[in-house]
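Pasted below: coords.pdb, PDB, C-alpha atoms and all ligand atoms.
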MODEL        1
ATOM      1  CA  MET A   1       0.000   0.000   0.000
ATOM      2  CA  GLN A   2       2.795   2.400   0.858
ATOM      3  CA  ALA A   3       4.215   1.932  -2.612
ATOM      4  CA  LEU A   4       1.297   4.069  -3.807
ATOM      5  CA  TRP A   5       2.216   7.094  -1.749
ATOM      6  CA  PRO A   6       4.950   8.415  -4.106
ATOM      7  CA  LEU A   7       2.143   8.896  -6.647
ATOM      8  CA  LEU A   8       0.791  11.611  -4.376
ATOM      9  CA  ARG A   9       3.718  13.767  -5.455
ATOM     10  CA  PHE A  10       1.972  14.257  -8.765
ATOM     11  CA  LEU A  11      -1.310  15.455  -7.289
ATOM     12  CA  PRO A  12      -2.204  19.149  -7.160
ATOM     13  CA  GLY A  13      -0.741  20.822  -4.094
ATOM     14  CA  ASN A  14      -1.435  23.390  -1.435
ATOM     15  CA  ARG A  15      -3.731  21.460   0.885
ATOM     16  CA  LEU A  16      -3.094  20.477   4.465
ATOM     17  CA  LEU A  17      -4.395  17.262   5.982
ATOM     18  CA  VAL A  18      -4.441  17.579   9.766
ATOM     19  CA  LEU A  19      -4.528  14.242  11.584
ATOM     20  CA  ALA A  20      -6.036  14.049  15.074
ATOM     21  CA  PHE A  21      -4.880  11.529  17.679
ATOM     22  CA  HIS A  22      -5.429  11.194  21.428
ATOM     23  CA  ARG A  23      -3.544   8.586  23.447
ATOM     24  CA  VAL A  24      -0.840   6.232  22.254
ATOM     25  CA  ALA A  25      -0.562   3.332  24.696
ATOM     26  CA  ARG A  26       2.643   1.378  25.172
ATOM     27  CA  GLU A  27       0.860  -1.967  24.752
ATOM     28  CA  PHE A  28      -2.428  -3.065  23.216
ATOM     29  CA  ASP A  29      -5.154  -3.132  25.866
ATOM     30  CA  PRO A  30      -8.188  -5.346  25.121
ATOM     31  CA  TYR A  31     -10.234  -3.273  27.593
ATOM     32  CA  ASP A  32      -9.468  -0.130  25.553
ATOM     33  CA  PRO A  33      -9.080  -1.459  21.996
ATOM     34  CA  GLU A  34      -9.739   1.886  20.301
ATOM     35  CA  THR A  35      -6.562   3.413  21.716
ATOM     36  CA  PRO A  36      -3.662   2.817  19.331
ATOM     37  CA  ASP A  37      -0.652   1.083  20.849
ATOM     38  CA  ALA A  38       2.950   1.918  19.969
ATOM     39  CA  ALA A  39       3.265  -0.738  17.244
ATOM     40  CA  HIS A  40      -0.002   0.285  15.616
ATOM     41  CA  PHE A  41       0.851   3.987  15.819
ATOM     42  CA  SER A  42       4.245   3.255  14.221
ATOM     43  CA  ARG A  43       2.491   1.621  11.276
ATOM     44  CA  GLN A  44       0.203   4.625  10.925
ATOM     45  CA  LEU A  45       3.227   6.938  10.881
ATOM     46  CA  ASP A  46       4.958   4.743   8.319
ATOM     47  CA  ALA A  47       1.870   5.020   6.099
ATOM     48  CA  LEU A  48       2.554   8.765   5.895
ATOM     49  CA  GLY A  49       5.784   8.109   4.025
ATOM     50  CA  GLY A  50       4.484   9.675   0.807
ATOM     51  CA  PHE A  51       3.474  12.958   2.398
ATOM     52  CA  ASP A  52       5.403  16.001   3.560
ATOM     53  CA  VAL A  53       4.789  15.991   7.319
ATOM     54  CA  VAL A  54       4.997  19.630   8.389
ATOM     55  CA  PRO A  55       4.707  21.595  11.649
ATOM     56  CA  LEU A  56       1.089  22.711  11.967
ATOM     57  CA  GLY A  57       1.719  26.450  12.459
ATOM     58  CA  ALA A  58       4.303  26.650   9.696
ATOM     59  CA  GLY A  59       2.105  24.479   7.448
ATOM     60  CA  LEU A  60      -0.827  26.880   7.842
ATOM     61  CA  THR A  61       1.409  29.828   6.940
ATOM     62  CA  ALA A  62       2.796  27.987   3.905
ATOM     63  CA  LEU A  63      -0.760  27.105   2.845
ATOM     64  CA  GLN A  64      -1.846  30.743   2.959
ATOM     65  CA  GLU A  65       1.206  31.721   0.926
ATOM     66  CA  GLY A  66       0.552  28.975  -1.617
ATOM     67  CA  ARG A  67       3.841  27.259  -0.874
ATOM     68  CA  LEU A  68       2.681  23.667  -0.218
ATOM     69  CA  ARG A  69       3.691  21.921  -3.399
ATOM     70  CA  ARG A  70       1.409  18.945  -2.701
ATOM     71  CA  THR A  71      -0.926  17.769   0.023
ATOM     72  CA  ALA A  72       1.012  18.073   3.270
ATOM     73  CA  VAL A  73       0.171  16.408   6.571
ATOM     74  CA  ALA A  74       0.290  17.796  10.112
ATOM     75  CA  ILE A  75      -0.018  15.567  13.183
ATOM     76  CA  THR A  76      -2.008  16.677  16.228
ATOM     77  CA  PHE A  77      -2.904  15.137  19.591
ATOM     78  CA  ASP A  78      -5.654  16.243  21.940
ATOM     79  CA  ASP A  79      -5.908  16.456  25.716
ATOM     80  CA  GLY A  80      -2.318  16.190  27.048
ATOM     81  CA  TYR A  81      -1.684  12.579  28.046
ATOM     82  CA  ARG A  82       1.550  11.429  29.669
ATOM     83  CA  ASP A  83       2.048   8.743  27.052
ATOM     84  CA  GLN A  84       2.534  11.610  24.616
ATOM     85  CA  LEU A  85       5.951  12.115  26.133
ATOM     86  CA  ALA A  86       6.786   8.510  26.951
ATOM     87  CA  VAL A  87       5.480   6.687  23.859
ATOM     88  CA  ALA A  88       4.485   8.983  20.982
ATOM     89  CA  ALA A  89       7.308  11.553  21.097
ATOM     90  CA  PRO A  90      10.162   9.067  20.504
ATOM     91  CA  LEU A  91       8.288   7.446  17.586
ATOM     92  CA  LEU A  92       7.687  10.862  15.990
ATOM     93  CA  GLU A  93      11.264  11.994  16.564
ATOM     94  CA  ALA A  94      12.666   8.816  15.023
ATOM     95  CA  ARG A  95      10.926   9.810  11.786
ATOM     96  CA  GLY A  96      11.604  13.535  12.099
ATOM     97  CA  TYR A  97       7.859  14.239  12.301
ATOM     98  CA  PRO A  98       6.731  17.403  14.096
ATOM     99  CA  SER A  99       3.501  17.428  16.106
ATOM    100  CA  THR A 100       1.097  19.745  17.897
ATOM    101  CA  VAL A 101      -0.437  18.797  21.252
ATOM    102  CA  PHE A 102      -3.689  20.506  22.301
ATOM    103  CA  VAL A 103      -3.718  20.533  26.096
ATOM    104  CA  SER A 104      -6.676  20.985  28.468
ATOM    105  CA  SER A 105      -4.859  23.048  31.067
ATOM    106  CA  ALA A 106      -6.869  22.136  34.197
ATOM    107  CA  PHE A 107      -5.756  18.506  33.883
ATOM    108  CA  VAL A 108      -2.033  19.359  33.880
ATOM    109  CA  GLY A 109      -0.769  17.681  37.026
ATOM    110  CA  GLY A 110      -4.379  17.030  38.014
ATOM    111  CA  GLN A 111      -6.837  14.177  37.995
ATOM    112  CA  ASN A 112      -7.569  12.007  34.988
ATOM    113  CA  MET A 113     -10.191  13.035  32.433
ATOM    114  CA  TRP A 114     -13.773  12.107  33.206
ATOM    115  CA  HIS A 115     -14.065   9.265  30.688
ATOM    116  CA  ASP A 116     -10.756   7.746  31.829
ATOM    117  CA  ARG A 117     -12.001   7.911  35.427
ATOM    118  CA  LEU A 118     -15.141   6.013  34.415
ATOM    119  CA  LEU A 119     -13.143   3.442  32.460
ATOM    120  CA  TRP A 120     -10.897   2.839  35.467
ATOM    121  CA  ALA A 121     -13.760   2.749  38.001
ATOM    122  CA  LEU A 122     -15.586   0.091  35.977
ATOM    123  CA  ARG A 123     -12.457  -1.859  35.139
ATOM    124  CA  GLU A 124     -11.173  -2.083  38.712
ATOM    125  CA  GLY A 125     -14.454  -1.756  40.666
ATOM    126  CA  VAL A 126     -15.729  -4.341  43.146
ATOM    127  CA  VAL A 127     -17.937  -6.972  41.466
ATOM    128  CA  GLY A 128     -21.601  -6.434  42.313
ATOM    129  CA  SER A 129     -21.293  -2.712  43.147
ATOM    130  CA  ARG A 130     -24.626  -1.053  42.291
ATOM    131  CA  LEU A 131     -24.818   1.992  40.001
ATOM    132  CA  ASP A 132     -28.415   3.014  40.781
ATOM    133  CA  GLY A 133     -27.139   6.337  42.153
ATOM    134  CA  VAL A 134     -26.342   7.512  38.626
ATOM    135  CA  GLY A 135     -29.572   6.230  37.130
ATOM    136  CA  LEU A 136     -28.196   2.947  35.799
ATOM    137  CA  ALA A 137     -30.015  -0.058  37.252
ATOM    138  CA  GLU A 138     -26.899  -2.195  36.900
ATOM    139  CA  ALA A 139     -24.146  -3.761  38.973
ATOM    140  CA  VAL A 140     -20.432  -4.110  38.152
ATOM    141  CA  PRO A 141     -20.106  -7.460  36.325
ATOM    142  CA  ALA A 142     -17.249  -9.946  36.650
ATOM    143  CA  SER A 143     -15.963 -10.226  33.081
ATOM    144  CA  LEU A 144     -13.704  -7.600  31.526
ATOM    145  CA  GLY A 145     -15.787  -7.480  28.350
ATOM    146  CA  ALA A 146     -19.014  -6.804  30.246
ATOM    147  CA  ARG A 147     -17.247  -4.169  32.352
ATOM    148  CA  ARG A 148     -16.087  -2.409  29.210
ATOM    149  CA  GLN A 149     -19.614  -2.400  27.820
ATOM    150  CA  LEU A 150     -20.982  -0.991  31.050
ATOM    151  CA  ALA A 151     -18.257   1.691  31.023
ATOM    152  CA  GLY A 152     -19.393   2.610  27.503
ATOM    153  CA  ARG A 153     -22.986   2.995  28.717
ATOM    154  CA  CYS A 154     -21.831   5.131  31.657
ATOM    155  CA  ILE A 155     -19.770   7.358  29.357
ATOM    156  CA  ALA A 156     -22.733   7.792  27.009
ATOM    157  CA  ALA A 157     -25.037   8.600  29.942
ATOM    158  CA  VAL A 158     -22.902  11.452  31.302
ATOM    159  CA  LYS A 159     -21.120  12.710  28.161
ATOM    160  CA  SER A 160     -23.419  15.618  27.372
ATOM    161  CA  LEU A 161     -24.209  16.724  30.941
ATOM    162  CA  PRO A 162     -23.221  20.244  31.968
ATOM    163  CA  LEU A 163     -19.779  20.351  33.545
ATOM    164  CA  SER A 164     -20.774  20.290  37.225
ATOM    165  CA  ALA A 165     -23.435  17.587  36.742
ATOM    166  CA  ARG A 166     -20.939  15.452  34.822
ATOM    167  CA  GLU A 167     -18.339  15.828  37.552
ATOM    168  CA  GLN A 168     -20.917  14.827  40.151
ATOM    169  CA  ALA A 169     -22.019  11.760  38.174
ATOM    170  CA  VAL A 170     -18.434  10.566  37.661
ATOM    171  CA  ALA A 171     -17.668  10.985  41.365
ATOM    172  CA  LEU A 172     -20.802   8.963  42.215
ATOM    173  CA  VAL A 173     -19.745   6.121  39.923
ATOM    174  CA  GLU A 174     -16.252   6.147  41.421
ATOM    175  CA  ALA A 175     -17.642   6.044  44.946
ATOM    176  CA  ALA A 176     -20.089   3.258  44.045
ATOM    177  CA  CYS A 177     -17.433   1.082  42.334
ATOM    178  CA  GLY A 178     -14.771   1.240  45.072
ATOM    179  CA  ALA A 179     -11.822   0.880  42.679
ATOM    180  CA  PRO A 180      -8.275   1.497  43.997
ATOM    181  CA  PRO A 181      -6.629   4.839  43.039
ATOM    182  CA  ALA A 182      -5.955   5.146  39.308
ATOM    183  CA  PRO A 183      -2.517   5.798  37.806
ATOM    184  CA  ARG A 184      -2.010   9.399  36.652
ATOM    185  CA  LEU A 185      -2.626   9.578  32.909
ATOM    186  CA  MET A 186      -2.198  13.303  32.270
ATOM    187  CA  LEU A 187       1.045  15.268  31.929
ATOM    188  CA  ASP A 188       2.144  17.313  34.915
ATOM    189  CA  ALA A 189       3.718  20.768  34.557
ATOM    190  CA  LYS A 190       7.284  19.469  34.468
ATOM    191  CA  GLU A 191       6.419  16.831  31.873
ATOM    192  CA  LEU A 192       4.519  19.350  29.755
ATOM    193  CA  ARG A 193       7.535  21.678  29.732
ATOM    194  CA  GLU A 194       9.719  18.726  28.816
ATOM    195  CA  LEU A 195       7.348  17.789  25.987
ATOM    196  CA  ALA A 196       7.214  21.374  24.714
ATOM    197  CA  ALA A 197      11.016  21.410  24.584
ATOM    198  CA  ARG A 198      11.221  18.229  22.455
ATOM    199  CA  PRO A 199      12.178  18.788  18.804
ATOM    200  CA  GLY A 200       9.241  19.693  16.589
ATOM    201  CA  VAL A 201       6.630  19.794  19.372
ATOM    202  CA  GLU A 202       4.220  22.718  19.522
ATOM    203  CA  ILE A 203       1.583  23.189  22.259
ATOM    204  CA  GLY A 204      -1.947  24.421  21.548
ATOM    205  CA  ALA A 205      -4.912  25.040  23.861
ATOM    206  CA  HIS A 206      -7.955  22.792  24.339
ATOM    207  CA  THR A 207      -9.935  24.682  27.058
ATOM    208  CA  ARG A 208      -9.291  24.236  30.761
ATOM    209  CA  ARG A 209     -11.633  21.396  31.779
ATOM    210  CA  HIS A 210     -12.669  20.000  28.387
ATOM    211  CA  PRO A 211     -16.373  20.922  28.550
ATOM    212  CA  ILE A 212     -18.785  20.758  25.644
ATOM    213  CA  LEU A 213     -18.601  24.496  24.960
ATOM    214  CA  ALA A 214     -22.090  24.594  23.446
ATOM    215  CA  ALA A 215     -23.458  23.430  26.822
ATOM    216  CA  CYS A 216     -21.596  26.154  28.786
ATOM    217  CA  THR A 217     -22.923  29.551  29.803
ATOM    218  CA  LEU A 218     -21.258  32.474  28.044
ATOM    219  CA  GLU A 219     -19.075  33.257  31.046
ATOM    220  CA  GLU A 220     -18.088  29.607  31.555
ATOM    221  CA  ALA A 221     -17.172  29.233  27.894
ATOM    222  CA  ARG A 222     -15.182  32.472  27.873
ATOM    223  CA  ALA A 223     -13.218  31.418  30.974
ATOM    224  CA  GLU A 224     -12.563  27.967  29.476
ATOM    225  CA  VAL A 225     -11.295  29.330  26.155
ATOM    226  CA  SER A 226      -9.236  32.356  27.192
ATOM    227  CA  GLY A 227      -8.212  30.758  30.500
ATOM    228  CA  SER A 228      -6.587  27.801  28.783
ATOM    229  CA  ARG A 229      -4.465  30.144  26.689
ATOM    230  CA  ALA A 230      -3.420  32.157  29.759
ATOM    231  CA  ASP A 231      -2.645  28.983  31.765
ATOM    232  CA  LEU A 232      -0.448  27.478  29.067
ATOM    233  CA  GLU A 233       1.363  30.716  28.235
ATOM    234  CA  GLN A 234       2.180  31.187  31.898
ATOM    235  CA  LEU A 235       3.320  27.595  32.264
ATOM    236  CA  LEU A 236       5.440  27.485  29.121
ATOM    237  CA  GLY A 237       6.514  31.096  28.663
ATOM    238  CA  VAL A 238       5.620  31.067  24.959
ATOM    239  CA  SER A 239       2.731  32.443  22.933
ATOM    240  CA  VAL A 240      -0.072  29.907  22.286
ATOM    241  CA  GLY A 241      -1.963  30.697  19.097
ATOM    242  CA  LEU A 242      -3.650  27.403  18.180
ATOM    243  CA  PHE A 243      -6.839  25.993  19.689
ATOM    244  CA  ALA A 244      -8.882  22.804  19.309
ATOM    245  CA  TYR A 245     -12.559  22.544  20.359
ATOM    246  CA  PRO A 246     -13.312  19.718  22.856
ATOM    247  CA  ASN A 247     -15.234  16.920  21.096
ATOM    248  CA  GLY A 248     -15.105  19.338  18.209
ATOM    249  CA  HIS A 249     -18.214  18.859  16.074
ATOM    250  CA  GLU A 250     -19.598  22.167  14.868
ATOM    251  CA  GLY A 251     -23.189  22.804  15.910
ATOM    252  CA  ARG A 252     -23.263  19.959  18.411
ATOM    253  CA  ASP A 253     -20.163  20.689  20.509
ATOM    254  CA  PHE A 254     -19.434  24.327  19.686
ATOM    255  CA  SER A 255     -21.385  27.207  18.191
ATOM    256  CA  ASP A 256     -20.732  30.518  16.467
ATOM    257  CA  ARG A 257     -20.695  32.097  19.931
ATOM    258  CA  ASP A 258     -17.736  29.875  20.868
ATOM    259  CA  VAL A 259     -15.941  30.656  17.614
ATOM    260  CA  GLY A 260     -16.323  34.327  18.604
ATOM    261  CA  LEU A 261     -14.800  33.582  22.013
ATOM    262  CA  VAL A 262     -11.848  31.856  20.364
ATOM    263  CA  ARG A 263     -11.307  34.957  18.203
ATOM    264  CA  GLU A 264     -11.711  37.224  21.242
ATOM    265  CA  ALA A 265      -9.097  35.184  23.137
ATOM    266  CA  GLY A 266      -6.586  35.928  20.382
ATOM    267  CA  PHE A 267      -6.140  32.505  18.799
ATOM    268  CA  SER A 268      -5.060  32.634  15.155
ATOM    269  CA  HIS A 269      -6.383  29.168  14.212
ATOM    270  CA  ALA A 270      -8.862  26.691  15.717
ATOM    271  CA  PHE A 271      -9.579  23.081  14.842
ATOM    272  CA  SER A 272     -12.776  21.079  14.901
ATOM    273  CA  SER A 273     -13.167  17.305  14.719
ATOM    274  CA  ASP A 274     -15.220  17.564  11.546
ATOM    275  CA  TRP A 275     -13.738  15.633   8.647
ATOM    276  CA  GLY A 276     -12.021  17.503   5.874
ATOM    277  CA  VAL A 277      -8.825  18.890   4.388
ATOM    278  CA  VAL A 278      -7.630  22.431   5.045
ATOM    279  CA  THR A 279      -7.442  24.615   1.940
ATOM    280  CA  PRO A 280      -6.458  28.297   1.583
ATOM    281  CA  GLY A 281     -10.200  29.114   1.643
ATOM    282  CA  SER A 282     -10.957  27.289   4.927
ATOM    283  CA  ASP A 283     -12.289  29.313   7.874
ATOM    284  CA  ALA A 284      -9.221  29.777  10.121
ATOM    285  CA  LEU A 285     -11.294  29.266  13.282
ATOM    286  CA  LYS A 286     -13.145  26.151  12.055
ATOM    287  CA  LEU A 287     -10.422  24.080  10.432
ATOM    288  CA  PRO A 288     -11.256  20.414   9.791
ATOM    289  CA  ARG A 289      -9.191  17.405  10.824
ATOM    290  CA  VAL A 290      -9.180  13.669  10.168
ATOM    291  CA  SER A 291      -8.969  10.767  12.635
ATOM    292  CA  LEU A 292      -7.512   7.557  11.262
ATOM    293  CA  TYR A 293      -9.393   4.300  11.735
ATOM    294  CA  ARG A 294      -8.167   2.038  14.505
ATOM    295  CA  ARG A 295      -7.848  -1.206  12.587
ATOM    296  CA  SER A 296      -8.454  -0.821   8.887
ATOM    297  CA  VAL A 297      -5.211  -0.313   6.955
ATOM    298  CA  LEU A 298      -7.165  -0.267   3.691
ATOM    299  CA  GLY A 299      -9.680   2.184   5.168
ATOM    300  CA  ASN A 300      -6.876   4.507   6.225
ATOM    301  CA  ALA A 301      -5.159   4.243   2.846
ATOM    302  CA  MET A 302      -8.409   5.153   1.099
ATOM    303  CA  LEU A 303      -9.019   7.962   3.549
ATOM    304  CA  LEU A 304      -5.581   9.460   2.936
ATOM    305  CA  ALA A 305      -5.879   9.049  -0.814
ATOM    306  CA  ARG A 306      -9.308  10.679  -0.766
ATOM    307  CA  ALA A 307      -7.907  13.534   1.275
ATOM    308  CA  ALA A 308      -5.063  13.993  -1.163
ATOM    309  CA  LEU A 309      -7.398  13.955  -4.158
ATOM    310  CA  ARG A 310     -10.030  16.264  -2.729
ATOM    311  CA  ALA A 311     -10.101  19.671  -4.332
TER     312      ALA A 311
HETATM  313 ZN    ZN B 401     -10.174  16.399  23.759
ENDMDL
END

Now that the file is in, can you turn its structure into structure tokens?
Amino acid sequence: MQALWPLLRFLPGNRLLVLAFHRVAREFDPYDPETPDAAHFSRQLDALGGFDVVPLGAGLTALQEGRLRRTAVAITFDDGYRDQLAVAAPLLEARGYPSTVFVSSAFVGGQNMWHDRLLWALREGVVGSRLDGVGLAEAVPASLGARRQLAGRCIAAVKSLPLSAREQAVALVEAACGAPPAPRLMLDAKELRELAARPGVEIGAHTRRHPILAACTLEEARAEVSGSRADLEQLLGVSVGLFAYPNGHEGRDFSDRDVGLVREAGFSHAFSSDWGVVTPGSDALKLPRVSLYRRSVLGNAMLLARAALRA
């Protein structure tokens, strides 16, 4: 399949395909099969062999100036996980690939993200623990597969709740399950500085607490957007000009109001999770990205080819 990539050199240029990743685990975890492991992520990076992999900020500038000779690729990660530093960074560096990491600043050195807390609570919880307190007439099952399914139902049940209600629901599940303390998954301040200093790594903002902005009040949303920029600039001592919307689907997860807040906060570019390729005509505060499929090599090849061919 990779033999086809050199053909991309002959396609019309000046488009930027921005890939979106989250975690990269050291090993494959059957409880969390959607998270790419190091070996899988390496194969995905190798599949980019036919593209110019460019730094996101510089790629956007080159796009505006019409200097991308063919479809270029930029690699982004959301949220700010520790395995970014431990697992993904060395694999990217070995290939000379730059990357941008969108960090939710309230989690730096703090507790795990809400969905990871639910996954852990259900994975490690005491068998038979009842979840009626969060409106699920269920008990923690014995098998790992059934636990994973229940975790999925819990995540779906609380995903769209306003921030404080979601926090409350997650804490209730944790208390009901009685799991031991979870390992820290998010970068702390020292690790984030270390990551930012690695070759080719750029840090962008991703709100403070990763709320669905569309579900926030105006003041909450403003504090989440501009606060994340202020937090990261203070922590890193550099200007942060790139932003990614949590969850990131326009209309459902963020609205025109939130785009206005991103502009007001001084970000130059913002990324959604809506599928597409960035062109010189794209709205700078609603730039599309692409997430690769977890398992399908053919699917990913077709996706990349489609992206390269798209006008
Ligand atoms: Zn995110």

At a cut-off of 12 Å around ligand ZN 401 (chain B), and using all atoms listed in the file, what residues come up? Please write them as a ChimeraX atom specification. /A:20-23,76-81,101-105,107,113-116,204-213,243-249,253,271-273

Between A:Cys177, A:Val108, A:Ala214, A:Arg222, which residue has the minimum interatomic distance to A:Arg193, considering all atoms listed in the file? A:Val108

If you count only C-alpha atoms, the residue of A:Leu122, A:Ala156, A:Ala165, A:Val262 closest to A:Pro180 turns out to be A:Leu122

Any chance you could work out the residue set of the PyMOL selection byres (((chain A and resi 265-269) around 6) and not hetatm) here, as a VMD selection string? chain A and resid 226 241 to 242 262 to 264 270 284 to 285

Resulting file, chosen residues, C-alpha atoms, as a compact mmCIF listing (two decimals), in the coordinates of the input:
# COMPACT_ATOMS: atom_id res chain seq x y z
CA SER A 226 -9.24 32.36 27.19
CA GLY A 241 -1.96 30.70 19.10
CA LEU A 242 -3.65 27.40 18.18
CA VAL A 262 -11.85 31.86 20.36
CA ARG A 263 -11.31 34.96 18.20
CA GLU A 264 -11.71 37.22 21.24
CA ALA A 270 -8.86 26.69 15.72
CA ALA A 284 -9.22 29.78 10.12
CA LEU A 285 -11.29 29.27 13.28

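Closest to A:Ala196 among A:Asp32, A:Glu233, A:Glu167, A:Glu174 is A:Glu233, based on only C-alpha atoms.
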
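Atom CA of A:Phe254 lies 11.9 Å from atom CA of A:Thr217.
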
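Applied to the file shown here, the PyMOL selection byres (((chain A and resi 189) around 6) and not hetatm) selects Val108, Gly109, Asp188, Lys190, Glu191 and Leu192 of chain A.
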
C-alpha atoms of the current selection, written as a PDB file, keeping the file's coordinate frame:
ATOM      1  CA  VAL A 108      -2.033  19.359  33.880  1.00  0.00           C
ATOM      2  CA  GLY A 109      -0.769  17.681  37.026  1.00  0.00           C
ATOM      3  CA  ASP A 188       2.144  17.313  34.915  1.00  0.00           C
ATOM      4  CA  LYS A 190       7.284  19.469  34.468  1.00  0.00           C
ATOM      5  CA  GLU A 191       6.419  16.831  31.873  1.00  0.00           C
ATOM      6  CA  LEU A 192       4.519  19.350  29.755  1.00  0.00           C
TER       7      LEU A 192
END

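Residues with any atom within 9 Å of A:Leu119, counting only C-alpha atoms and excluding same-chain neighbours fewer than 5 positions away, are Tyr31, Asp32, Trp114, Glu124, Arg147, Arg148, Ala151, Gly152, Cys154 and Ile155 of chain A.
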
As a check of understanding, name the residues that the PyMOL selection byres (((chain A and resi 135) around 12) and not hetatm) selects in the supplied structure, as number ranges by chain. A: 130-134, 136-139, 153-154, 157-158, 169-170, 172-173

Hey, what's within 9 Å of A:Glu202 if we count all atoms listed in the file and toss same-chain stuff fewer than 3 positions away? As a VMD selection string, please? chain A and resid 55 to 57 98 to 102 195 to 199 240

For atom CA of A:Ser129 and atom CA of A:Ala146, quote the distance in Å rounded to one decimal. 13.7 Å

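You can rank A:His40, A:Lys159, A:Phe28, A:Glu65 by their closest distance to A:Gly281 using all atoms listed in the file, and at the top of that list sits A:Glu65.
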
Your completed stretch 226-238 of chain A with N, CA, C and O atoms, as a tab-separated table (two decimals), in the coordinates of the input:
chain	number	residue	atom	x	y	z
A	226	SER	N	-10.35	31.42	26.99
A	226	SER	CA	-9.24	32.36	27.19
A	226	SER	C	-8.37	31.90	28.36
A	226	SER	O	-7.15	32.08	28.35
A	227	GLY	N	-8.99	31.23	29.35
A	227	GLY	CA	-8.21	30.76	30.50
A	227	GLY	C	-7.19	29.71	30.11
A	227	GLY	O	-6.08	29.68	30.66
A	228	SER	N	-7.53	28.86	29.16
A	228	SER	CA	-6.59	27.80	28.78
A	228	SER	C	-5.36	28.42	28.11
A	228	SER	O	-4.23	27.97	28.30
A	229	ARG	N	-5.60	29.48	27.35
A	229	ARG	CA	-4.46	30.14	26.69
A	229	ARG	C	-3.56	30.78	27.75
A	229	ARG	O	-2.34	30.61	27.73
A	230	ALA	N	-4.19	31.49	28.71
A	230	ALA	CA	-3.42	32.16	29.76
A	230	ALA	C	-2.64	31.13	30.59
A	230	ALA	O	-1.46	31.32	30.88
A	231	ASP	N	-3.30	30.03	30.96
A	231	ASP	CA	-2.64	28.98	31.76
A	231	ASP	C	-1.39	28.45	31.07
A	231	ASP	O	-0.33	28.34	31.66
A	232	LEU	N	-1.55	28.12	29.79
A	232	LEU	CA	-0.45	27.48	29.07
A	232	LEU	C	0.68	28.47	28.79
A	232	LEU	O	1.86	28.11	28.87
A	233	GLU	N	0.32	29.72	28.50
A	233	GLU	CA	1.36	30.72	28.24
A	233	GLU	C	2.17	30.97	29.51
A	233	GLU	O	3.38	31.13	29.46
A	234	GLN	N	1.47	30.97	30.64
A	234	GLN	CA	2.18	31.19	31.90
A	234	GLN	C	3.09	29.99	32.22
A	234	GLN	O	4.23	30.15	32.64
A	235	LEU	N	2.57	28.82	31.96
A	235	LEU	CA	3.32	27.60	32.26
A	235	LEU	C	4.55	27.42	31.37
A	235	LEU	O	5.60	26.98	31.82
A	236	LEU	N	4.39	27.79	30.10
A	236	LEU	CA	5.44	27.48	29.12
A	236	LEU	C	6.28	28.70	28.74
A	236	LEU	O	7.35	28.55	28.15
A	237	GLY	N	5.76	29.89	29.01
A	237	GLY	CA	6.51	31.10	28.66
A	237	GLY	C	6.61	31.35	27.17
A	237	GLY	O	7.54	32.00	26.70
A	238	VAL	N	5.66	30.80	26.41
A	238	VAL	CA	5.62	31.07	24.96
A	238	VAL	C	4.19	31.45	24.58
A	238	VAL	O	3.24	31.18	25.32
